[in-house]
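So this block is work.cif, mmCIF, C-alpha atoms:
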```cif
data_protein
#
loop_
_atom_site.label_atom_id
_atom_site.label_comp_id
_atom_site.auth_asym_id
_atom_site.auth_seq_id
_atom_site.Cartn_x
_atom_site.Cartn_y
_atom_site.Cartn_z
CA MET A 1 25.05 -11.21 -13.41
CA VAL A 2 22.07 -8.87 -13.41
CA LYS A 3 20.78 -7.94 -9.99
CA VAL A 4 17.31 -6.80 -9.08
CA PHE A 5 16.59 -3.77 -6.94
CA LYS A 6 12.92 -3.88 -6.06
CA LEU A 7 11.25 -0.60 -5.26
CA VAL A 8 7.59 -0.36 -4.29
CA ILE A 9 5.50 2.77 -4.62
CA ALA A 10 2.74 2.56 -2.05
CA GLY A 11 -0.05 4.91 -1.14
CA PRO A 12 -3.82 5.19 -1.30
CA TYR A 13 -5.90 5.57 -4.42
CA GLY A 14 -5.19 8.87 -6.15
CA ALA A 15 -1.88 9.55 -4.42
CA GLY A 16 -0.02 9.78 -7.72
CA LYS A 17 1.74 6.41 -7.85
CA THR A 18 1.02 5.87 -11.55
CA THR A 19 2.40 9.28 -12.41
CA PHE A 20 5.50 8.64 -10.32
CA VAL A 21 6.19 5.34 -12.10
CA LYS A 22 5.54 6.92 -15.52
CA THR A 23 7.87 9.82 -14.76
CA LEU A 24 10.67 7.53 -13.65
CA SER A 25 10.39 4.44 -15.80
CA GLU A 26 12.44 3.91 -18.93
CA VAL A 27 9.83 1.55 -20.30
CA VAL A 28 6.14 2.10 -20.83
CA PRO A 29 4.53 1.24 -17.48
CA ILE A 30 2.29 -1.78 -17.46
CA GLU A 31 -1.15 -1.93 -15.90
CA THR A 32 -2.68 -5.28 -15.08
CA ASP A 33 -6.21 -6.41 -14.49
CA VAL A 34 -6.76 -9.12 -11.95
CA PRO A 35 -9.66 -11.45 -12.70
CA ALA A 36 -12.24 -11.51 -9.93
CA PRO A 37 -15.22 -13.78 -9.48
CA GLY A 38 -17.72 -13.35 -12.25
CA LYS A 39 -15.96 -10.53 -14.01
CA SER A 40 -12.72 -8.71 -14.37
CA THR A 41 -12.11 -6.31 -11.54
CA THR A 42 -9.57 -3.68 -12.36
CA VAL A 43 -6.76 -3.91 -9.90
CA ALA A 44 -4.32 -1.70 -11.72
CA PHE A 45 -0.84 -1.95 -10.44
CA ASP A 46 1.90 -0.10 -12.20
CA TYR A 47 5.13 -1.58 -13.26
CA GLY A 48 8.18 0.08 -14.67
CA LYS A 49 11.90 -0.51 -14.75
CA ILE A 50 15.21 1.24 -15.10
CA ARG A 51 18.47 -0.42 -16.03
CA VAL A 52 21.57 0.88 -14.26
CA ASN A 53 24.66 -1.05 -15.36
CA ASP A 54 24.09 -4.57 -14.07
CA ILE A 55 21.26 -3.59 -11.76
CA VAL A 56 17.64 -3.50 -12.87
CA VAL A 57 15.42 -1.30 -10.75
CA HIS A 58 11.91 -2.74 -10.76
CA LEU A 59 9.19 -0.29 -9.82
CA PHE A 60 5.89 -1.60 -8.54
CA GLY A 61 2.98 0.72 -7.85
CA ILE A 62 0.66 -0.99 -5.42
CA PRO A 63 -3.13 -0.79 -5.83
CA GLY A 64 -4.31 1.78 -3.35
CA GLN A 65 -7.81 0.56 -2.61
CA GLU A 66 -7.91 -0.99 0.83
CA ARG A 67 -10.13 -3.81 -0.34
CA PHE A 68 -7.17 -5.11 -2.33
CA ASN A 69 -4.80 -5.21 0.59
CA PHE A 70 -4.24 -8.94 0.13
CA LEU A 71 -2.25 -7.90 -2.96
CA TRP A 72 -0.08 -5.46 -1.03
CA ARG A 73 1.88 -8.20 0.68
CA ILE A 74 2.22 -10.22 -2.52
CA ILE A 75 3.60 -7.31 -4.51
CA ALA A 76 5.75 -6.02 -1.67
CA ARG A 77 7.44 -9.36 -1.04
CA GLY A 78 11.20 -9.12 -1.45
CA MET A 79 11.25 -5.35 -1.82
CA HIS A 80 14.36 -3.41 -0.85
CA ALA A 81 12.55 -0.19 -0.06
CA TYR A 82 9.35 1.70 -0.60
CA ILE A 83 8.15 5.21 -1.19
CA PHE A 84 4.88 5.92 0.56
CA MET A 85 3.00 8.56 -1.39
CA VAL A 86 0.17 10.70 -0.13
CA ASP A 87 -1.95 13.27 -1.90
CA SER A 88 -1.29 16.39 0.15
CA SER A 89 -3.82 18.50 -1.73
CA SER A 90 -6.41 17.98 1.00
CA LEU A 91 -6.60 16.99 4.63
CA GLU A 92 -9.05 14.20 3.82
CA SER A 93 -6.74 12.61 1.26
CA VAL A 94 -3.87 12.60 3.74
CA LYS A 95 -6.11 11.03 6.38
CA SER A 96 -7.17 8.36 3.88
CA ALA A 97 -3.56 7.17 3.84
CA ILE A 98 -3.40 6.33 7.56
CA PHE A 99 -4.68 2.76 7.25
CA MET A 100 -2.26 1.83 4.47
CA TYR A 101 0.69 3.57 6.11
CA ASN A 102 0.04 1.72 9.37
CA TYR A 103 -0.19 -1.53 7.42
CA PHE A 104 3.16 -0.97 5.71
CA THR A 105 5.04 0.21 8.75
CA SER A 106 3.74 -2.65 10.86
CA THR A 107 4.08 -5.37 8.21
CA PHE A 108 7.50 -4.24 6.98
CA PRO A 109 8.95 -2.52 10.04
CA THR A 110 12.59 -2.77 8.98
CA THR A 111 12.22 -1.94 5.30
CA PRO A 112 13.66 1.49 4.46
CA HIS A 113 11.11 4.00 3.27
CA VAL A 114 10.40 7.66 2.78
CA VAL A 115 7.06 9.43 2.74
CA ALA A 116 6.43 11.62 -0.29
CA ALA A 117 3.86 14.39 0.09
CA ASN A 118 2.68 14.62 -3.50
CA LYS A 119 0.80 17.41 -5.29
CA GLN A 120 2.75 20.06 -3.44
CA ASP A 121 1.90 22.49 -6.24
CA ILE A 122 -1.69 22.47 -4.97
CA ALA A 123 -0.97 21.33 -1.44
CA LYS A 124 -3.27 22.16 1.43
CA VAL A 125 -1.21 20.10 3.89
CA ASP A 126 2.47 20.80 4.40
CA ILE A 127 5.02 18.06 5.03
CA ASN A 128 5.09 18.67 8.79
CA ASN A 129 1.37 18.08 9.00
CA VAL A 130 1.63 15.03 6.75
CA ARG A 131 4.16 13.68 9.25
CA MET A 132 1.88 14.41 12.17
CA ILE A 133 -1.29 12.98 10.60
CA LEU A 134 0.39 9.74 9.50
CA GLY A 135 2.41 9.44 12.69
CA VAL A 136 5.69 9.22 10.79
CA LYS A 137 8.61 8.51 13.09
CA PRO A 138 11.19 11.28 13.48
CA ASP A 139 13.94 9.29 11.76
CA ILE A 140 11.85 8.75 8.63
CA LYS A 141 12.06 11.48 6.00
CA VAL A 142 8.99 13.21 4.59
CA VAL A 143 9.76 14.86 1.27
CA PRO A 144 7.75 17.30 -0.85
CA LEU A 145 6.87 15.99 -4.29
CA ILE A 146 5.18 16.87 -7.54
CA ALA A 147 5.11 13.54 -9.35
CA ILE A 148 5.02 15.11 -12.82
CA ASN A 149 8.27 16.92 -12.02
CA LYS A 150 11.12 14.60 -12.95
CA LYS A 151 13.64 16.49 -10.84
CA MET A 152 11.54 16.08 -7.71
CA VAL A 153 10.93 12.43 -8.52
CA LEU A 154 14.68 11.85 -8.83
CA GLU A 155 15.32 13.78 -5.62
CA THR A 156 12.81 11.55 -3.82
CA LEU A 157 14.55 8.49 -5.15
CA VAL A 158 17.95 9.77 -4.09
CA VAL A 159 16.65 10.45 -0.57
CA LEU A 160 15.28 6.90 -0.44
CA LEU A 161 18.51 5.33 -1.68
CA ASP A 162 20.36 7.34 0.88
CA GLU A 163 18.06 5.91 3.53
CA VAL A 164 18.69 2.41 2.21
CA HIS A 165 22.40 3.03 2.47
CA ARG A 166 22.13 4.56 5.91
CA LEU A 167 20.13 1.67 7.28
CA MET A 168 22.21 -1.03 5.61
CA TYR A 169 25.64 0.44 6.15
CA GLY A 170 25.15 3.10 8.77
CA SER A 171 26.15 6.13 6.73
CA SER A 172 24.37 8.78 4.75
CA PHE A 173 25.36 10.78 1.69
CA GLN A 174 22.95 13.65 2.00
CA GLN A 175 24.62 17.03 2.01
CA GLY A 176 25.21 18.32 5.48
CA ASN A 177 24.95 14.93 7.10
CA SER A 178 27.52 14.63 9.83
CA HIS A 179 27.70 10.87 9.43
CA GLY A 180 29.17 10.97 5.94
CA THR A 181 32.13 8.74 5.19
CA GLY A 182 34.08 10.84 2.75
CA ASN A 183 32.67 9.07 -0.28
CA GLU A 184 30.47 12.10 -0.87
CA LYS A 185 33.10 13.58 -3.18
CA THR A 186 32.72 10.79 -5.64
CA LEU A 187 28.95 10.77 -5.37
CA MET A 188 27.89 14.39 -5.26
CA MET B 1 -20.06 -1.71 -8.94
CA SER B 2 -17.75 -4.27 -7.38
CA GLU B 3 -18.83 -7.79 -6.55
CA SER B 4 -18.66 -6.95 -2.84
CA ASN B 5 -20.88 -3.91 -3.25
CA SER B 6 -23.34 -6.06 -5.15
CA ILE B 7 -23.59 -8.65 -2.42
CA VAL B 8 -24.21 -6.02 0.26
CA LYS B 9 -26.94 -4.58 -1.92
CA MET B 10 -28.39 -8.04 -2.45
CA ILE B 11 -28.37 -8.88 1.29
CA ASN B 12 -30.04 -5.59 2.13
CA GLU B 13 -32.70 -6.07 -0.51
CA GLU B 14 -33.41 -9.71 0.33
CA LEU B 15 -33.50 -9.24 4.10
CA GLY B 16 -34.89 -5.73 4.13
CA ILE B 17 -32.10 -4.54 6.38
CA ASN B 18 -29.43 -1.91 6.01
CA LEU B 19 -26.00 -3.47 6.37
CA LEU B 20 -23.24 -0.90 6.31
CA GLY B 21 -20.69 -3.31 4.97
CA VAL B 22 -19.27 -6.77 4.60
CA LEU B 23 -15.59 -7.56 4.81
CA VAL B 24 -13.77 -10.85 4.53
CA PHE B 25 -10.38 -11.26 6.15
CA ASN B 26 -7.71 -13.87 5.66
CA GLY B 27 -5.51 -13.46 8.72
CA ASN B 28 -5.20 -9.69 9.06
CA GLU B 29 -5.64 -9.01 5.37
CA ILE B 30 -8.78 -7.96 3.60
CA VAL B 31 -9.81 -10.25 0.78
CA LEU B 32 -13.18 -8.75 -0.03
CA ALA B 33 -14.80 -5.55 1.07
CA ASN B 34 -17.46 -3.27 -0.19
CA ASP B 35 -16.86 0.46 -0.34
CA VAL B 36 -17.06 1.20 3.36
CA PRO B 37 -15.47 4.25 4.96
CA VAL B 38 -11.91 3.82 6.22
CA GLU B 39 -13.11 4.29 9.82
CA LEU B 40 -15.35 1.23 9.53
CA MET B 41 -12.51 -0.79 8.01
CA ARG B 42 -10.35 0.14 10.97
CA LEU B 43 -13.05 -0.93 13.40
CA ALA B 44 -13.39 -4.25 11.59
CA ALA B 45 -9.62 -4.69 11.52
CA SER B 46 -9.43 -4.13 15.29
CA LEU B 47 -12.09 -6.80 15.82
CA ILE B 48 -10.16 -9.18 13.57
CA ASN B 49 -6.99 -8.56 15.57
CA PHE B 50 -8.88 -9.56 18.67
CA ILE B 51 -10.48 -12.65 17.14
CA ASN B 52 -7.18 -13.86 15.72
CA ARG B 53 -5.68 -13.77 19.19
CA VAL B 54 -8.39 -15.93 20.71
CA ASN B 55 -8.15 -19.59 19.81
CA GLY B 56 -11.38 -21.31 18.89
CA LEU B 57 -13.51 -18.18 18.70
CA GLU B 58 -16.09 -18.99 16.02
CA TYR B 59 -18.11 -15.79 16.06
CA ALA B 60 -18.29 -12.48 17.85
CA LYS B 61 -20.81 -9.68 18.16
CA VAL B 62 -19.45 -6.34 19.23
CA LYS B 63 -20.93 -2.89 19.45
CA LEU B 64 -18.23 -0.31 19.05
CA ASN B 65 -18.36 3.38 18.15
CA ASN B 66 -22.04 3.09 17.31
CA VAL B 67 -21.47 0.24 14.87
CA LEU B 68 -22.61 -3.32 15.39
CA MET B 69 -20.06 -5.82 14.12
CA TYR B 70 -20.84 -9.46 13.65
CA ALA B 71 -17.88 -11.67 12.77
CA VAL B 72 -18.10 -15.30 11.71
CA ARG B 73 -15.12 -17.58 11.25
CA SER B 74 -15.07 -20.06 8.39
CA GLY B 75 -11.79 -21.95 8.31
CA ASP B 76 -9.01 -19.45 7.62
CA LEU B 77 -11.46 -16.73 6.72
CA ILE B 78 -13.42 -14.39 8.93
CA ILE B 79 -16.46 -12.59 7.59
CA VAL B 80 -17.42 -9.33 9.27
CA PHE B 81 -20.87 -7.83 8.83
CA LEU B 82 -21.19 -4.19 9.81
CA ALA B 83 -24.59 -2.91 10.78
CA ASN B 84 -26.38 -0.12 12.48
CA PRO B 85 -26.69 -1.00 16.22
CA THR B 86 -30.47 -0.72 16.01
CA LEU B 87 -30.57 -3.87 13.90
CA ILE B 88 -32.44 -6.54 15.81
CA GLU B 89 -30.69 -9.74 16.85
CA GLY B 90 -32.90 -11.99 14.74
CA ALA B 91 -32.26 -10.06 11.56
CA LEU B 92 -28.54 -10.15 12.14
CA SER B 93 -28.48 -13.92 12.41
CA LEU B 94 -30.12 -14.14 8.98
CA VAL B 95 -26.92 -12.95 7.36
CA ASN B 96 -25.41 -16.36 8.21
CA ARG B 97 -26.99 -17.73 5.05
CA TYR B 98 -24.63 -15.56 2.97
CA VAL B 99 -21.47 -16.79 4.65
CA ASP B 100 -20.91 -19.71 2.27
CA LYS B 101 -21.28 -17.49 -0.77
CA LEU B 102 -18.83 -14.94 0.64
CA VAL B 103 -16.36 -17.68 1.50
CA ARG B 104 -16.58 -19.07 -2.06
CA MET B 105 -16.05 -15.62 -3.54
CA SER B 106 -13.10 -15.01 -1.27
CA TRP B 107 -11.37 -18.26 -2.15
CA GLU B 108 -11.83 -17.57 -5.83
CA VAL B 109 -10.13 -14.21 -5.37
CA LEU B 110 -7.36 -15.71 -3.23
CA ASN B 111 -6.73 -18.55 -5.69
CA LYS B 112 -6.63 -16.22 -8.65
CA ALA B 113 -4.30 -13.88 -6.80
CA LYS B 114 -2.09 -16.85 -6.05
CA ALA B 115 -2.13 -17.83 -9.72
CA ILE B 116 -0.88 -14.44 -10.84
CA GLU B 117 1.58 -14.19 -7.95
CA PRO B 118 4.64 -15.35 -9.92
CA ALA B 119 3.88 -12.79 -12.61
CA VAL B 120 3.61 -9.82 -10.27
CA THR B 121 6.31 -10.80 -7.86
CA VAL B 122 9.91 -10.10 -8.56
CA GLU B 123 12.01 -10.47 -5.47
CA GLY B 124 14.98 -8.22 -4.97
CA ASP B 125 18.47 -9.67 -4.95
CA GLU B 126 20.97 -9.28 -2.19
CA LEU B 127 22.78 -6.06 -2.92
CA THR B 128 26.20 -4.91 -1.81
CA GLU B 129 27.09 -1.45 -0.62
CA ASP B 130 28.70 -0.86 -4.00
CA ASP B 131 25.42 -1.66 -5.74
CA ILE B 132 23.61 0.97 -3.68
CA LEU B 133 26.37 3.48 -4.35
CA ILE B 134 26.11 2.77 -8.10
CA LEU B 135 22.39 3.49 -7.98
CA LEU B 136 22.89 6.64 -5.94
CA ASP B 137 25.58 7.84 -8.32
CA TYR B 138 23.41 7.13 -11.34
CA PHE B 139 20.36 9.00 -10.10
CA LYS B 140 22.40 11.90 -8.80
CA GLY B 141 23.97 12.07 -12.25
CA LYS B 142 20.49 12.22 -13.80
CA LEU B 143 19.64 15.05 -11.42
CA ARG B 144 22.76 16.95 -12.44
CA GLU B 145 21.85 16.48 -16.11
CA LEU B 146 18.44 17.99 -15.49
CA GLU B 147 19.92 20.89 -13.57
CA ALA B 148 22.45 21.51 -16.35
CA LYS B 149 19.56 21.70 -18.82
CA GLY B 150 17.87 24.17 -16.49
CA GLU B 151 14.84 21.94 -15.92
#
```

The structure given in the file should be rewritten as structure tokens.
Amino acid sequence: MVKVFKLVIAGPYGAGKTTFVKTLSEVVPIETDVPAPGKSTTVAFDYGKIRVNDIVVHLFGIPGQERFNFLWRIIARGMHAYIFMVDSSSLESVKSAIFMYNYFTSTFPTTPHVVAANKQDIAKVDINNVRMILGVKPDIKVVPLIAINKKMVLETLVVLLDEVHRLMYGSSFQQGNSHGTGNEKTLM
Amino acid sequence: MSESNSIVKMINEELGINLLGVLVFNGNEIVLANDVPVELMRLAASLINFINRVNGLEYAKVKLNNVLMYAVRSGDLIIVFLANPTLIEGALSLVNRYVDKLVRMSWEVLNKAKAIEPAVTVEGDELTEDDILILLDYFKGKLRELEAKGE
């Protein structure tokens, strides 16, 4: 039986969600237009997937514009985890993520997530300041990211999966974590 | 220009006023909004939070942070007009004539979103610890491959 792992990539417009999905997906990402009254309004959400044995990882990039926030809940329904991306190339772009981050953390308070500070190659805001501006809780990880860099994208995903595991089963597999279970040898 | 931007432009032209924005909420979620700054959206969202907590509140006028907010309930929807606080009371009440149009637009958007919902929504299955470990192992393996290639 094929199982679905649903991963949502959230973040405001321009955070790099499309790039992230393109870098990670094994299939050509899909963009969809949602019809709006009178004409077609482009509400591009990205979709990609990765097959891992009998598990299909579905990636959904959520439209970042706040005026489409009624779609956020629809797309996020049934997700296992989310990566919240911010454009860290300017202070303003990080601040523009506050509304959406508050929405996600209040609407899905128990869903595992990490915050990815994207565009670190041209970053003006380091990850500590991203944490402070968004009000990210101390137990939530903020990771540096360049979404065109596949290695960093994979690292972000590994950190997230580790969070999923930690929250679901109370252990972590990150190197140096004192709560490891011994399974690290088979995983690292 | 989005439909919401167009209607704000139309209201301003027809009434000769300068609305800063119009937002329509369903519960706490925005259904329609013109391109207003995030700060104004937050102000409107805080007003909506308040209105949703008060049973039977049909409209509210609030001046907050130098913005006049006028909210009107229509069934499940609440329309918020954002204006400069210097706007006179009489002019503000004229925006009521656009409520029906905004409500119609909002329901069209909500119904169309509902129609596409099955297509955009894939719900995750219940996963075991082994499933998560398989995923972790797979992506760590991909990372090792990249490192071995020197990428």

Residue neighbourhood Tyr70 of chain B, 10 Å, only C-alpha atoms, exclusion window fewer than 5 positions, as a PyMOL selection string: chain B and resi 22+44+47+59-63+79-83+92-93+95-96

Go ahead and write the selection's residues with C-alpha atoms as a PDB file, keeping the file's coordinate frame.
```
ATOM      1  CA  VAL B  22     -19.270  -6.770   4.600  1.00  0.00           C
ATOM      2  CA  ALA B  44     -13.390  -4.250  11.590  1.00  0.00           C
ATOM      3  CA  LEU B  47     -12.090  -6.800  15.820  1.00  0.00           C
ATOM      4  CA  TYR B  59     -18.110 -15.790  16.060  1.00  0.00           C
ATOM      5  CA  ALA B  60     -18.290 -12.480  17.850  1.00  0.00           C
ATOM      6  CA  LYS B  61     -20.810  -9.680  18.160  1.00  0.00           C
ATOM      7  CA  VAL B  62     -19.450  -6.340  19.230  1.00  0.00           C
ATOM      8  CA  LYS B  63     -20.930  -2.890  19.450  1.00  0.00           C
ATOM      9  CA  ILE B  79     -16.460 -12.590   7.590  1.00  0.00           C
ATOM     10  CA  VAL B  80     -17.420  -9.330   9.270  1.00  0.00           C
ATOM     11  CA  PHE B  81     -20.870  -7.830   8.830  1.00  0.00           C
ATOM     12  CA  LEU B  82     -21.190  -4.190   9.810  1.00  0.00           C
ATOM     13  CA  ALA B  83     -24.590  -2.910  10.780  1.00  0.00           C
ATOM     14  CA  LEU B  92     -28.540 -10.150  12.140  1.00  0.00           C
ATOM     15  CA  SER B  93     -28.480 -13.920  12.410  1.00  0.00           C
ATOM     16  CA  VAL B  95     -26.920 -12.950   7.360  1.00  0.00           C
ATOM     17  CA  ASN B  96     -25.410 -16.360   8.210  1.00  0.00           C
TER      18      ASN B  96
END
```

A:Lys124, A:Lys119, A:Lys3, A:Arg73 ranked by distance to Met100 of chain A, top pick (using all atoms listed in the file): A:Arg73

Residue with smallest distance to Val86 of chain A - pool A:Trp72, A:Tyr103, A:Phe108, A:Tyr13, counting all atoms listed in the file: A:Tyr13

Closest atom pairs, chain B residues within 7 Å of chain A, all atoms listed in the file, as CSV:
```
residue,atom,partner,partner_atom,distance
B:Glu29,CA,A:Phe70,CA,5.4
B:Ile30,CA,A:Asn69,CA,5.7
B:Val31,CA,A:Phe70,CA,5.8
B:Leu32,CA,A:Arg67,CA,5.8
B:Ala33,CA,A:Arg67,CA,5.2
B:Val38,CA,A:Ser96,CA,7.0
B:Met105,CA,A:Pro37,CA,6.3
B:Glu108,CA,A:Pro37,CA,6.3
B:Val109,CA,A:Ala36,CA,5.7
B:Lys112,CA,A:Pro35,CA,7.0
B:Glu117,CA,A:Ile74,CA,6.8
B:Val120,CA,A:Ile75,CA,6.3
B:Thr121,CA,A:Ile75,CA,5.5
B:Glu123,CA,A:Gly78,CA,4.3
B:Gly124,CA,A:Lys6,CA,4.9
B:Asp125,CA,A:Val4,CA,5.2
B:Ile132,CA,A:His165,CA,6.6
B:Leu135,CA,A:Val52,CA,6.9
B:Leu136,CA,A:Val158,CA,6.1
B:Asp137,CA,A:Leu187,CA,5.4
B:Phe139,CA,A:Leu154,CA,6.5
B:Lys140,CA,A:Val158,CA,6.8
B:Leu143,CA,A:Lys151,CA,6.2
B:Leu146,CA,A:Lys151,CA,6.8
```

Point-to-point distance from atom CA of Gly135 of chain A to atom CA of Ser90 of chain A, Å rounded to tenths: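 That distance, rounded to one decimal, is 17.0 Å.
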
Would you translate the PyMOL selection byres ((chain B and resi 15) around 12) into the concrete set of residues it matches in this file, as a tab-separated table (two decimals) with C-alpha atoms, in the coordinates of the input?
```
chain	number	residue	atom	x	y	z
B	7	ILE	CA	-23.59	-8.65	-2.42
B	8	VAL	CA	-24.21	-6.02	0.26
B	9	LYS	CA	-26.94	-4.58	-1.92
B	10	MET	CA	-28.39	-8.04	-2.45
B	11	ILE	CA	-28.37	-8.88	1.29
B	12	ASN	CA	-30.04	-5.59	2.13
B	13	GLU	CA	-32.70	-6.07	-0.51
B	14	GLU	CA	-33.41	-9.71	0.33
B	16	GLY	CA	-34.89	-5.73	4.13
B	17	ILE	CA	-32.10	-4.54	6.38
B	18	ASN	CA	-29.43	-1.91	6.01
B	19	LEU	CA	-26.00	-3.47	6.37
B	87	LEU	CA	-30.57	-3.87	13.90
B	90	GLY	CA	-32.90	-11.99	14.74
B	91	ALA	CA	-32.26	-10.06	11.56
B	92	LEU	CA	-28.54	-10.15	12.14
B	93	SER	CA	-28.48	-13.92	12.41
B	94	LEU	CA	-30.12	-14.14	8.98
B	95	VAL	CA	-26.92	-12.95	7.36
B	96	ASN	CA	-25.41	-16.36	8.21
B	97	ARG	CA	-26.99	-17.73	5.05
B	98	TYR	CA	-24.63	-15.56	2.97
```

Selection near Tyr82 of chain A, 7 Å with all atoms listed in the file, sequence-local residues under 6 positions removed, as a list of chain:residue names: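 Residues meeting the cut-off are A:Leu7, A:Val8, A:Ile9, A:Ala10, A:Pro112, A:His113, A:Val114.
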
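Taking atom CA of Val136 of chain A and atom CA of Phe50 of chain B as endpoints, the distance between them is 25.0 Å.
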
Atom pair atom CA of Asp100 of chain B / atom CA of Thr107 of chain A: separation (Å):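 The value is 29.4 Å.
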
Test item: residues at most 10 Å from Glu58 of chain B, only C-alpha atoms, excluding those fewer than 3 positions along its chain, as a VMD selection string: chain B and resid 51 54 to 55 71 to 75 78

Using 3 Å of padding on each side, determine the axis-aligned box around all atoms of segment 116-128 of chain A present in the file and give its centre and edge lengths in Å to one decimal, as JSON.
```
{"center_x": 1.6, "center_y": 17.1, "center_z": 1.3, "size_x": 15.7, "size_y": 16.9, "size_z": 21.0}
```

Which of B:Val103, B:Leu20, B:Ala148, B:Leu77 sits closest to Leu40 of chain B [using all atoms listed in the file]: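 The answer is B:Leu20, which sits nearest to Leu40 of chain B.
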
Residues near Lys17 of chain A, cut-off 12 Å, all atoms listed in the file, skip fewer than 5 positions along chain, as an MDAnalysis selection string: chainID A and resid 8:12 22:25 29 31 44:48 59:64 82:87 116:119 145:148 153

Among listed residues A:Lys49, A:Ser106, A:Ala123, A:Lys141, nearest Asn28 of chain B (using all atoms listed in the file): A:Ser106

The PyMOL selection byres ((chain B and resi 66) around 10) applied to the shown file, residues as a PyMOL selection string: chain B and resi 62-65+67-69+83-86

Selected residues written out with C-alpha atoms, as a PDB file, in the coordinates of the input:
```
ATOM      1  CA  VAL B  62     -19.450  -6.340  19.230  1.00  0.00           C
ATOM      2  CA  LYS B  63     -20.930  -2.890  19.450  1.00  0.00           C
ATOM      3  CA  LEU B  64     -18.230  -0.310  19.050  1.00  0.00           C
ATOM      4  CA  ASN B  65     -18.360   3.380  18.150  1.00  0.00           C
ATOM      5  CA  VAL B  67     -21.470   0.240  14.870  1.00  0.00           C
ATOM      6  CA  LEU B  68     -22.610  -3.320  15.390  1.00  0.00           C
ATOM      7  CA  MET B  69     -20.060  -5.820  14.120  1.00  0.00           C
ATOM      8  CA  ALA B  83     -24.590  -2.910  10.780  1.00  0.00           C
ATOM      9  CA  ASN B  84     -26.380  -0.120  12.480  1.00  0.00           C
ATOM     10  CA  PRO B  85     -26.690  -1.000  16.220  1.00  0.00           C
ATOM     11  CA  THR B  86     -30.470  -0.720  16.010  1.00  0.00           C
TER      12      THR B  86
END
```

With N, CA and C atoms as the goal, would you fill in the gaps in segment 96-107 of chain A and present it as a PDB file, keeping the file's coordinate frame?
```
ATOM      1  N   SER A  96      -6.803   9.637   4.509  1.00  0.00           N
ATOM      2  CA  SER A  96      -7.170   8.360   3.880  1.00  0.00           C
ATOM      3  C   SER A  96      -5.962   7.430   3.747  1.00  0.00           C
ATOM      4  N   ALA A  97      -4.775   7.984   3.977  1.00  0.00           N
ATOM      5  CA  ALA A  97      -3.560   7.170   3.840  1.00  0.00           C
ATOM      6  C   ALA A  97      -3.163   6.481   5.150  1.00  0.00           C
ATOM      7  N   ILE A  98      -3.823   6.826   6.237  1.00  0.00           N
ATOM      8  CA  ILE A  98      -3.400   6.330   7.560  1.00  0.00           C
ATOM      9  C   ILE A  98      -3.432   4.806   7.628  1.00  0.00           C
ATOM     10  N   PHE A  99      -4.529   4.217   7.157  1.00  0.00           N
ATOM     11  CA  PHE A  99      -4.680   2.760   7.250  1.00  0.00           C
ATOM     12  C   PHE A  99      -3.545   2.055   6.511  1.00  0.00           C
ATOM     13  N   MET A 100      -3.287   2.494   5.285  1.00  0.00           N
ATOM     14  CA  MET A 100      -2.260   1.830   4.470  1.00  0.00           C
ATOM     15  C   MET A 100      -0.859   2.062   5.036  1.00  0.00           C
ATOM     16  N   TYR A 101      -0.635   3.281   5.539  1.00  0.00           N
ATOM     17  CA  TYR A 101       0.690   3.570   6.110  1.00  0.00           C
ATOM     18  C   TYR A 101       0.937   2.698   7.348  1.00  0.00           C
ATOM     19  N   ASN A 102      -0.092   2.586   8.183  1.00  0.00           N
ATOM     20  CA  ASN A 102       0.040   1.720   9.370  1.00  0.00           C
ATOM     21  C   ASN A 102       0.311   0.276   8.959  1.00  0.00           C
ATOM     22  N   TYR A 103      -0.386  -0.156   7.899  1.00  0.00           N
ATOM     23  CA  TYR A 103      -0.190  -1.530   7.420  1.00  0.00           C
ATOM     24  C   TYR A 103       1.280  -1.734   6.995  1.00  0.00           C
ATOM     25  N   PHE A 104       1.794  -0.798   6.218  1.00  0.00           N
ATOM     26  CA  PHE A 104       3.160  -0.970   5.710  1.00  0.00           C
ATOM     27  C   PHE A 104       4.203  -0.896   6.828  1.00  0.00           C
ATOM     28  N   THR A 105       4.020   0.063   7.711  1.00  0.00           N
ATOM     29  CA  THR A 105       5.040   0.210   8.750  1.00  0.00           C
ATOM     30  C   THR A 105       4.991  -0.921   9.770  1.00  0.00           C
ATOM     31  N   SER A 106       3.799  -1.525   9.922  1.00  0.00           N
ATOM     32  CA  SER A 106       3.740  -2.650  10.860  1.00  0.00           C
ATOM     33  C   SER A 106       4.104  -3.977  10.196  1.00  0.00           C
ATOM     34  N   THR A 107       3.771  -4.115   8.911  1.00  0.00           N
ATOM     35  CA  THR A 107       4.080  -5.370   8.210  1.00  0.00           C
ATOM     36  C   THR A 107       5.540  -5.422   7.783  1.00  0.00           C
TER      37      THR A 107
END
```
